[in-house]
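Coordinates as given in run-v7.csv (CSV, C-alpha atoms):
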chain,number,residue,atom,x,y,z
A,1,MET,CA,7.7,19.1,14.1
A,2,THR,CA,5.7,21.8,15.7
A,3,GLU,CA,2.2,20.8,16.5
A,4,LEU,CA,0.9,23.7,14.5
A,5,VAL,CA,2.3,22.5,11.2
A,6,LYS,CA,-0.2,20.4,9.3
A,7,SER,CA,0.0,19.0,5.8
A,8,ILE,CA,-1.9,17.6,2.8
A,9,THR,CA,0.4,15.9,0.3
A,10,SER,CA,-0.3,14.1,-2.9
A,11,PRO,CA,1.2,13.2,-6.3
A,12,SER,CA,1.4,16.1,-8.7
A,13,LYS,CA,-0.9,14.3,-11.1
A,14,PHE,CA,-3.2,11.3,-10.7
A,15,ILE,CA,-4.5,10.1,-14.0
A,16,SER,CA,-6.9,7.2,-14.5
A,17,GLY,CA,-8.3,5.7,-17.7
A,18,ARG,CA,-7.7,3.1,-20.4
A,19,HIS,CA,-4.8,2.4,-22.7
A,20,LEU,CA,-2.4,4.5,-20.6
A,21,LEU,CA,0.6,2.1,-21.1
A,22,SER,CA,0.6,2.5,-24.9
A,23,LYS,CA,0.5,6.3,-24.5
A,24,MET,CA,3.3,6.4,-21.9
A,25,ASN,CA,5.3,9.1,-23.7
A,26,ASP,CA,2.4,11.5,-23.7
A,27,TYR,CA,2.5,11.6,-19.9
A,28,ILE,CA,6.3,11.5,-19.2
A,29,LYS,CA,7.6,13.8,-22.0
A,30,ASN,CA,7.5,16.9,-19.9
A,31,TYR,CA,9.7,15.2,-17.3
A,32,GLY,CA,12.3,13.4,-19.3
A,33,ASP,CA,13.1,11.7,-22.6
A,34,HIS,CA,15.4,8.9,-21.5
A,35,ALA,CA,13.5,6.6,-19.2
A,36,TYR,CA,14.9,3.9,-16.9
A,37,ILE,CA,11.9,1.6,-16.2
A,38,ILE,CA,11.8,-0.9,-13.3
A,39,CYS,CA,9.2,-3.4,-14.3
A,40,ASP,CA,7.6,-6.6,-12.8
A,41,GLU,CA,8.5,-9.7,-14.8
A,42,PHE,CA,4.9,-10.6,-15.7
A,43,ILE,CA,4.2,-7.4,-17.6
A,44,LEU,CA,7.8,-6.8,-18.9
A,45,ASP,CA,7.2,-8.0,-22.5
A,46,ARG,CA,3.9,-6.0,-22.8
A,47,ALA,CA,5.5,-2.9,-21.3
A,48,THR,CA,8.5,-3.2,-23.6
A,49,LYS,CA,6.2,-3.3,-26.6
A,50,GLU,CA,3.7,-0.7,-25.6
A,51,ALA,CA,5.4,1.8,-23.4
A,52,GLY,CA,8.8,1.2,-25.1
A,53,SER,CA,7.4,1.8,-28.5
A,54,SER,CA,5.5,4.9,-27.3
A,55,ILE,CA,8.8,6.5,-26.0
A,56,GLU,CA,11.0,5.5,-28.8
A,57,SER,CA,8.6,6.5,-31.6
A,58,ALA,CA,8.7,10.0,-30.2
A,59,GLY,CA,12.5,10.1,-30.4
A,60,GLY,CA,13.2,9.2,-26.7
A,61,LYS,CA,15.3,6.5,-25.2
A,62,VAL,CA,14.3,3.7,-22.8
A,63,LYS,CA,15.9,0.9,-20.8
A,64,PHE,CA,13.8,-1.8,-19.0
A,65,GLU,CA,15.1,-3.7,-16.0
A,66,LYS,CA,13.3,-6.5,-14.2
A,67,PHE,CA,12.4,-6.1,-10.5
A,68,ASN,CA,13.8,-8.8,-8.3
A,69,TYR,CA,10.8,-9.4,-6.0
A,70,GLU,CA,11.8,-7.5,-2.8
A,71,CYS,CA,12.3,-3.8,-2.0
A,72,THR,CA,15.5,-4.0,-0.1
A,73,LYS,CA,18.4,-1.6,0.3
A,74,GLU,CA,20.5,-3.9,-2.0
A,75,GLU,CA,17.8,-3.9,-4.7
A,76,ILE,CA,17.6,-0.1,-4.6
A,77,GLU,CA,21.4,0.2,-4.9
A,78,HIS,CA,21.3,-2.3,-7.8
A,79,HIS,CA,18.9,-0.1,-9.7
A,80,ARG,CA,20.7,3.1,-8.8
A,81,GLU,CA,23.8,1.8,-10.5
A,82,LEU,CA,22.0,0.7,-13.6
A,83,ALA,CA,20.1,3.9,-13.8
A,84,ARG,CA,23.3,6.0,-13.7
A,85,THR,CA,25.0,3.7,-16.3
A,86,SER,CA,22.0,4.2,-18.6
A,87,GLY,CA,22.3,8.0,-18.5
A,88,CYS,CA,18.5,8.3,-17.9
A,89,ASN,CA,16.8,11.5,-16.8
A,90,ILE,CA,13.5,9.9,-15.5
A,91,ILE,CA,12.6,6.8,-13.5
A,92,VAL,CA,9.4,4.8,-14.2
A,93,GLY,CA,8.0,2.0,-12.0
A,94,ILE,CA,5.6,-0.5,-13.5
A,95,GLY,CA,4.3,-3.2,-11.2
A,96,GLY,CA,3.2,-3.9,-7.7
A,97,GLY,CA,3.8,-1.9,-4.5
A,98,LYS,CA,7.3,-3.1,-3.9
A,99,THR,CA,8.4,-2.4,-7.4
A,100,LEU,CA,6.9,1.1,-7.2
A,101,ASP,CA,8.6,1.7,-3.9
A,102,THR,CA,11.9,0.7,-5.4
A,103,ALA,CA,11.4,3.1,-8.3
A,104,LYS,CA,10.5,5.9,-5.9
A,105,ALA,CA,13.6,5.3,-3.8
A,106,THR,CA,15.9,5.0,-6.8
A,107,ALA,CA,14.5,8.3,-8.2
A,108,TYR,CA,15.0,10.0,-4.8
A,109,TYR,CA,18.6,9.0,-4.4
A,110,GLU,CA,19.4,9.8,-8.1
A,111,LYS,CA,17.5,13.1,-7.9
A,112,LEU,CA,15.3,12.3,-10.8
A,113,PRO,CA,11.5,12.6,-11.5
A,114,VAL,CA,9.5,9.5,-11.1
A,115,VAL,CA,6.4,8.2,-12.8
A,116,ILE,CA,4.4,5.4,-11.2
A,117,PHE,CA,2.3,2.9,-13.1
A,118,PRO,CA,0.6,0.3,-10.8
A,119,THR,CA,-0.4,-3.0,-12.3
A,120,ILE,CA,-2.4,-4.2,-9.3
A,121,ALA,CA,-4.6,-2.2,-7.0
A,122,SER,CA,-3.4,-4.1,-3.9
A,123,THR,CA,-2.0,-1.2,-1.8
A,124,ASP,CA,-2.0,2.6,-1.7
A,125,ALA,CA,1.8,2.7,-2.3
A,126,PRO,CA,1.6,4.4,-5.7
A,127,CYS,CA,0.6,7.9,-4.4
A,128,THR,CA,2.7,8.2,-1.2
A,129,ALA,CA,6.1,9.9,-0.6
A,130,LEU,CA,7.2,6.8,1.2
A,131,ALA,CA,9.0,3.6,0.5
A,132,VAL,CA,8.7,0.6,2.7
A,133,ILE,CA,12.1,-1.2,2.9
A,134,TYR,CA,12.3,-4.9,3.7
A,135,LYS,CA,15.1,-7.1,4.7
A,136,LYS,CA,16.2,-10.0,2.4
A,137,ASP,CA,14.2,-12.5,4.4
A,138,GLY,CA,11.0,-10.5,3.8
A,139,SER,CA,10.7,-8.9,7.2
A,140,PHE,CA,10.1,-5.2,7.7
A,141,ASP,CA,13.3,-3.1,7.9
A,142,GLU,CA,12.3,0.6,7.9
A,143,TYR,CA,10.3,3.4,6.3
A,144,LEU,CA,12.1,5.7,3.8
A,145,PHE,CA,10.4,9.1,4.0
A,146,LEU,CA,10.7,10.9,0.8
A,147,PRO,CA,10.7,14.7,0.3
A,148,LYS,CA,8.0,14.6,-2.4
A,149,ASN,CA,5.3,12.4,-3.9
A,150,PRO,CA,5.6,10.9,-7.4
A,151,ASP,CA,5.3,13.3,-10.2
A,152,ILE,CA,2.6,11.3,-12.0
A,153,VAL,CA,0.6,8.2,-11.0
A,154,LEU,CA,-1.0,6.5,-14.0
A,155,ALA,CA,-3.9,4.1,-13.1
A,156,ASP,CA,-4.9,2.0,-16.1
A,157,ILE,CA,-8.3,0.8,-15.1
A,158,GLU,CA,-8.4,-2.2,-17.5
A,159,ILE,CA,-4.9,-3.5,-16.4
A,160,LEU,CA,-5.8,-3.1,-12.8
A,161,ALA,CA,-9.2,-4.9,-13.2
A,162,ALA,CA,-7.5,-7.7,-15.1
A,163,ALA,CA,-5.2,-8.6,-12.3
A,164,PRO,CA,-6.1,-11.5,-10.0
A,165,SER,CA,-9.0,-10.5,-7.9
A,166,ARG,CA,-7.2,-11.4,-4.7
A,167,PHE,CA,-4.9,-8.4,-5.2
A,168,PHE,CA,-7.9,-6.2,-5.8
A,169,ALA,CA,-9.4,-7.4,-2.5
A,170,ALA,CA,-6.1,-6.8,-0.7
A,171,GLY,CA,-6.1,-3.2,-1.9
A,172,ILE,CA,-9.6,-2.9,-0.4
A,173,GLY,CA,-8.2,-4.2,2.9
A,174,ASP,CA,-5.3,-1.8,2.9
A,175,ALA,CA,-7.7,1.1,2.2
A,176,LEU,CA,-10.2,-0.1,4.7
A,177,ALA,CA,-7.8,0.8,7.5
A,178,THR,CA,-7.1,4.3,6.2
A,179,TYR,CA,-9.9,6.1,8.0
A,180,PHE,CA,-9.5,4.3,11.3
A,181,GLU,CA,-5.8,4.9,11.5
A,182,ALA,CA,-6.2,8.6,10.4
A,183,ARG,CA,-8.9,9.0,13.0
A,184,ALA,CA,-6.6,7.7,15.7
A,185,CYS,CA,-3.7,9.8,14.6
A,186,TYR,CA,-5.9,12.9,14.5
A,187,GLN,CA,-7.2,12.3,18.0
A,188,SER,CA,-3.7,11.9,19.3
A,189,ASN,CA,-2.2,14.8,17.3
A,190,GLY,CA,0.3,12.3,16.1
A,191,ASP,CA,2.6,12.6,13.1
A,192,ASN,CA,1.4,11.8,9.6
A,193,LEU,CA,3.6,10.2,6.9
A,194,ALA,CA,5.0,13.6,6.0
A,195,LEU,CA,6.1,13.9,9.6
A,196,MET,CA,3.7,16.8,10.2
A,197,LYS,CA,0.3,16.9,11.8
A,198,PRO,CA,-2.9,15.5,10.4
A,199,SER,CA,-5.4,18.1,9.3
A,200,ALA,CA,-9.2,17.9,9.1
A,201,THR,CA,-8.9,17.8,5.3
A,202,GLY,CA,-6.7,14.7,5.6
A,203,LEU,CA,-9.1,13.1,7.9
A,204,GLY,CA,-12.0,14.0,5.5
A,205,LEU,CA,-10.2,12.3,2.6
A,206,ALA,CA,-9.7,9.2,4.7
A,207,ARG,CA,-13.4,9.2,5.6
A,208,LEU,CA,-14.3,9.6,1.9
A,209,CYS,CA,-12.1,6.6,1.2
A,210,TYR,CA,-14.1,4.5,3.7
A,211,ASP,CA,-17.5,5.7,2.5
A,212,THR,CA,-16.5,5.0,-1.1
A,213,LEU,CA,-15.5,1.4,-0.2
A,214,LEU,CA,-18.8,0.9,1.7
A,215,ASP,CA,-20.7,2.0,-1.4
A,216,ASN,CA,-18.7,0.3,-4.1
A,217,ALA,CA,-16.2,-2.3,-3.0
A,218,VAL,CA,-18.5,-5.4,-2.9
A,219,ASN,CA,-19.9,-4.8,-6.4
A,220,ALA,CA,-16.5,-3.9,-7.7
A,221,LYS,CA,-15.0,-7.1,-6.4
A,222,LYS,CA,-17.7,-9.1,-8.1
A,223,ALA,CA,-17.0,-7.3,-11.4
A,224,VAL,CA,-13.2,-7.9,-11.1
A,225,ASP,CA,-13.9,-11.6,-10.4
A,226,HIS,CA,-15.3,-11.6,-13.9
A,227,LYS,CA,-12.5,-9.4,-15.4
A,228,VAL,CA,-14.9,-6.6,-16.3
A,229,VAL,CA,-14.8,-2.8,-15.6
A,230,THR,CA,-17.8,-1.1,-14.1
A,231,LYS,CA,-18.3,2.3,-12.4
A,232,ALA,CA,-18.0,0.6,-9.1
A,233,VAL,CA,-14.5,-0.7,-10.1
A,234,GLU,CA,-13.4,2.8,-11.1
A,235,ASN,CA,-14.7,4.3,-7.9
A,236,THR,CA,-13.0,1.6,-5.8
A,237,ILE,CA,-9.7,2.1,-7.6
A,238,ASP,CA,-9.9,5.8,-6.8
A,239,ALA,CA,-10.4,4.8,-3.2
A,240,THR,CA,-7.7,2.1,-2.9
A,241,ILE,CA,-5.0,4.0,-4.8
A,242,TYR,CA,-5.6,7.7,-4.5
A,243,LEU,CA,-7.9,8.4,-1.5
A,244,SER,CA,-6.2,5.7,0.6
A,245,GLY,CA,-2.7,7.0,-0.4
A,246,VAL,CA,-3.4,10.6,0.2
A,247,GLY,CA,-5.6,9.9,3.3
A,248,ALA,CA,-3.0,7.7,4.9
A,249,GLU,CA,-0.1,10.1,4.1
A,250,SER,CA,-1.9,13.2,5.2
A,251,GLY,CA,-4.0,11.6,8.0
A,252,GLY,CA,-1.4,9.2,9.4
A,253,LEU,CA,-1.0,5.6,10.3
A,254,ALA,CA,-1.6,3.9,13.7
A,255,ALA,CA,-2.0,0.4,15.1
A,256,ALA,CA,-3.1,-1.5,11.9
A,257,HIS,CA,0.0,-0.9,10.0
A,258,ALA,CA,2.3,-1.2,13.0
A,259,ILE,CA,0.8,-4.7,13.6
A,260,HIS,CA,1.2,-5.5,10.0
A,261,ASN,CA,4.9,-4.7,10.3
A,262,GLY,CA,5.2,-6.9,13.3
A,263,MET,CA,3.4,-9.7,11.4
A,264,THR,CA,6.1,-9.7,8.6
A,265,ALA,CA,8.3,-11.6,11.1
A,266,VAL,CA,5.9,-14.6,11.1
A,267,HIS,CA,7.2,-17.0,8.5
A,268,SER,CA,3.8,-18.6,7.8
A,269,LEU,CA,2.4,-15.3,6.8
A,270,HIS,CA,5.0,-14.5,4.1
A,271,LYS,CA,2.6,-15.5,1.3
A,272,ALA,CA,-0.1,-13.2,2.7
A,273,GLN,CA,-0.6,-9.9,0.9
A,274,HIS,CA,0.2,-6.6,2.6
A,275,GLY,CA,-3.5,-5.6,2.6
A,276,GLU,CA,-4.6,-8.9,4.0
A,277,LYS,CA,-2.3,-8.5,7.0
A,278,VAL,CA,-3.4,-4.9,7.4
A,279,THR,CA,-7.0,-6.0,7.5
A,280,PHE,CA,-6.3,-8.2,10.5
A,281,GLY,CA,-4.2,-5.4,12.0
A,282,LEU,CA,-7.3,-3.2,11.7
A,283,LEU,CA,-9.4,-5.7,13.6
A,284,VAL,CA,-6.8,-5.7,16.3
A,285,GLN,CA,-6.8,-1.9,16.4
A,286,LEU,CA,-10.6,-1.9,16.8
A,287,VAL,CA,-10.3,-4.3,19.7
A,288,LEU,CA,-7.6,-2.0,21.3
A,289,GLU,CA,-10.0,0.9,20.9
A,290,ASN,CA,-13.0,-1.1,22.1
A,291,ALA,CA,-14.8,0.1,19.1
A,292,PRO,CA,-18.6,0.1,19.1
A,293,LYS,CA,-20.1,-3.3,18.1
A,294,GLU,CA,-21.9,-1.7,15.1
A,295,GLU,CA,-18.7,-0.3,13.7
A,296,LEU,CA,-16.8,-3.6,14.2
A,297,GLU,CA,-19.6,-5.6,12.5
A,298,THR,CA,-19.7,-3.2,9.5
A,299,VAL,CA,-16.0,-3.7,9.0
A,300,ILE,CA,-16.2,-7.5,9.4
A,301,LYS,CA,-19.2,-7.7,7.0
A,302,LEU,CA,-17.2,-5.8,4.3
A,303,ILE,CA,-14.1,-8.0,4.9
A,304,LYS,CA,-16.3,-11.1,4.4
A,305,ASP,CA,-18.2,-9.7,1.4
A,306,VAL,CA,-15.0,-9.0,-0.6
A,307,GLN,CA,-13.6,-12.4,0.4
A,308,LEU,CA,-10.6,-11.1,2.4
A,309,PRO,CA,-9.0,-13.4,5.0
A,310,LEU,CA,-10.8,-12.8,8.3
A,311,THR,CA,-8.9,-15.0,10.8
A,312,LEU,CA,-5.3,-15.9,11.4
A,313,GLU,CA,-6.1,-19.4,10.0
A,314,ASP,CA,-7.4,-17.7,6.9
A,315,LEU,CA,-4.1,-15.9,6.6
A,316,GLY,CA,-2.1,-19.1,6.7
A,317,VAL,CA,-1.4,-19.6,10.4
A,318,ASN,CA,-2.0,-23.3,11.1
A,319,LYS,CA,-0.7,-23.3,14.6
A,320,PHE,CA,-0.8,-20.3,17.0
A,321,VAL,CA,2.6,-20.1,18.8
A,322,GLU,CA,2.4,-17.7,21.7
A,323,ALA,CA,6.1,-16.8,21.6
A,324,GLU,CA,5.8,-15.9,18.0
A,325,TRP,CA,2.9,-13.6,18.5
A,326,ARG,CA,4.5,-12.0,21.6
A,327,GLN,CA,7.3,-11.1,19.2
A,328,VAL,CA,4.8,-9.6,16.8
A,329,ALA,CA,3.4,-7.5,19.6
A,330,GLU,CA,6.9,-6.3,20.6
A,331,LEU,CA,7.8,-5.4,17.1
A,332,SER,CA,4.5,-3.5,16.5
A,333,CYS,CA,5.4,-1.3,19.5
A,334,ALA,CA,8.9,-0.4,18.3
A,335,ALA,CA,9.9,3.2,18.9
A,336,ASN,CA,10.1,4.0,15.1
A,337,ASP,CA,6.7,2.6,14.2
A,338,THR,CA,3.2,4.1,14.1
A,339,MET,CA,1.7,2.5,17.2
A,340,ILE,CA,2.7,5.7,18.9
A,341,ASN,CA,-0.1,7.5,17.0
A,342,MET,CA,-2.8,5.7,19.0
A,343,PRO,CA,-4.6,8.2,21.3
A,344,PHE,CA,-3.7,6.2,24.4
A,345,PRO,CA,-0.6,4.3,25.5
A,346,VAL,CA,-0.3,0.8,24.0
A,347,SER,CA,2.0,-1.9,25.4
A,348,PRO,CA,3.1,-5.2,23.8
A,349,ASP,CA,0.9,-7.0,26.3
A,350,ASP,CA,-2.1,-4.9,25.2
A,351,VAL,CA,-1.3,-5.8,21.5
A,352,TYR,CA,-0.9,-9.5,22.2
A,353,ASN,CA,-4.2,-9.6,24.2
A,354,ALA,CA,-5.9,-7.7,21.4
A,355,ILE,CA,-4.5,-10.1,18.7
A,356,VAL,CA,-5.9,-13.1,20.6
A,357,ALA,CA,-9.3,-11.4,21.2
A,358,ALA,CA,-9.6,-10.1,17.6
A,359,ASN,CA,-8.9,-13.6,16.2
A,360,ALA,CA,-11.6,-15.1,18.6
A,361,ILE,CA,-14.1,-12.4,17.5
A,362,ALA,CA,-13.3,-13.0,13.8
A,363,GLU,CA,-13.8,-16.8,14.3
A,364,SER,CA,-17.2,-16.2,15.8
A,365,TYR,CA,-18.3,-14.4,12.6
A,366,LYS,CA,-17.2,-17.1,10.2
A,367,ASP,CA,-20.0,-19.0,8.4

So, in terms of structure tokens, how does the structure I just supplied come out?
Amino acid sequence: MTELVKSITSPSKFISGRHLLSKMNDYIKNYGDHAYIICDEFILDRATKEAGSSIESAGGKVKFEKFNYECTKEEIEHHRELARTSGCNIIVGIGGGKTLDTAKATAYYEKLPVVIFPTIASTDAPCTALAVIYKKDGSFDEYLFLPKNPDIVLADIEILAAAPSRFFAAGIGDALATYFEARACYQSNGDNLALMKPSATGLGLARLCYDTLLDNAVNAKKAVDHKVVTKAVENTIDATIYLSGVGAESGGLAAAHAIHNGMTAVHSLHKAQHGEKVTFGLLVQLVLENAPKEELETVIKLIKDVQLPLTLEDLGVNKFVEAEWRQVAELSCAANDTMINMPFPVSPDDVYNAIVAANAIAESYKD
């Protein structure tokens, strides 16, 4: 793309509130009356009763299909076939980030509108025109860049706050990297997730995401630990789902997510959440940048205060194997990944050294 073309992209509508699942038809009726819904297993019965009843009572049709745990090319093709067979005219995704990415990809290939209903605030996936595709073994495959963002994102505050608080913390970790990656991309005039250039507005939204987390995330996590909704929870959800999504997409990604993608090849980390791995990737990015001590300590304090994993051991790495982490470093510098958006050249050796140093620094801050 020409370096003069900049972009700000976002979902057509971002709606947050309570009881949105039982009013599903109110929000989708202008886009379609025959819904194919890809849904996480744990909420399938509730969604069938509430969202299904909402659509059918208004005279519409609906078919629910369970998501099978991984956003792979095969899973996307599976849902494409079922969606075509159903005769639907709108796709809805209800669940976590991989479920939502599968819904977005299915809608894209079938040329249908898509409505996104996150059930956990663990990533910024709901708002982006992007699907992260994985291989069957859970390792990163590729990014699928989509021509448009979701038509609607529905954020039900009560459902999001009721999810296990580990997921909520993971969303904070994912969002925490937004500003630092956008800053790096802006400095390098790299490409954002719309494959255009980051604008000052995109960087500003990313900064607002960071500031909102600093002001609200700790108190929000404490509230979610007790399954209650407060203003801090609402503000944090705005940051982790909307501001992080729009800030990352318009501002761009850099080292933190590239390192996350490399970390998907480490078997012992497969149970770690996306946002937990991104958090460690952020620490590595800050080491690569030789960030000021005050900035690094502010980030580490927030990580600790919301009870995110801080070290590789916290993430599940019982034994550090150099060859394994050399591979992570190599993968993070792949030509098609976002390490290229750093404002200086970064080699696999640089990444490996920064991983070791970031882990040592993190260890020194443990209680």

Just want the 10 Å neighbourhood of Gly204 of chain A, counted on all atoms listed in the file, with same-chain residues fewer than 6 positions away dropped. Output as a ChimeraX atom specification.
/A:179,182-183,210,243,247,251

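The residues that lie within 9 Å of the point (-3.8, -5.0, 23.5), counting all atoms listed in the file, are Val284, Gln285, Val287, Leu288, Glu289, Ala329, Val346, Ser347, Pro348, Asp349, Asp350, Val351, Tyr352, Asn353, Ala354, Ile355, Val356 and Ala357 of chain A.
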
Find the residues around Ala239 of chain A up to 10 Å (all atoms listed in the file counted), leave out those fewer than 3 positions away in its own chain, and share them as a list in words.
Ala121, Asp124, Gly171, Ile172, Ala175, Leu176, Thr178, Leu205, Ala206, Leu208, Cys209, Tyr210, Asp211, Thr212, Leu213, Asn216, Ala217, Val233, Glu234, Asn235, Thr236, Tyr242, Leu243, Ser244, Gly245, Val246 and Gly247 of chain A

From the options A:Ala107, A:Cys185, A:Val229, A:Ala35, which residue's atoms come nearest to Phe344 of chain A, counting all atoms listed in the file?
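Using all atoms listed in the file, the shortest distance to Phe344 of chain A belongs to A:Cys185.
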
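Checking A:Leu203, A:Ile133, A:Val317, A:Val5 one by one against Glu249 of chain A, counting all atoms listed in the file, you find the shortest gap at A:Leu203.
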
Who sits within 9 Å of Ile37 of chain A, only C-alpha atoms, same chain under 5 positions skipped, as a PyMOL selection string:
chain A and resi 62-66+83+90-94+103

With all atoms listed in the file counted, which protein, DNA or RNA residues have an atom no more than 10 Å from (-3.5, -9.9, -4.6) in the file frame? Please answer as a PyMOL selection string.
chain A and resi 96+120-123+163-171+272-276

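Put simply, atom CA of Thr338 of chain A is 29.1 Å away from atom CA of His78 of chain A.
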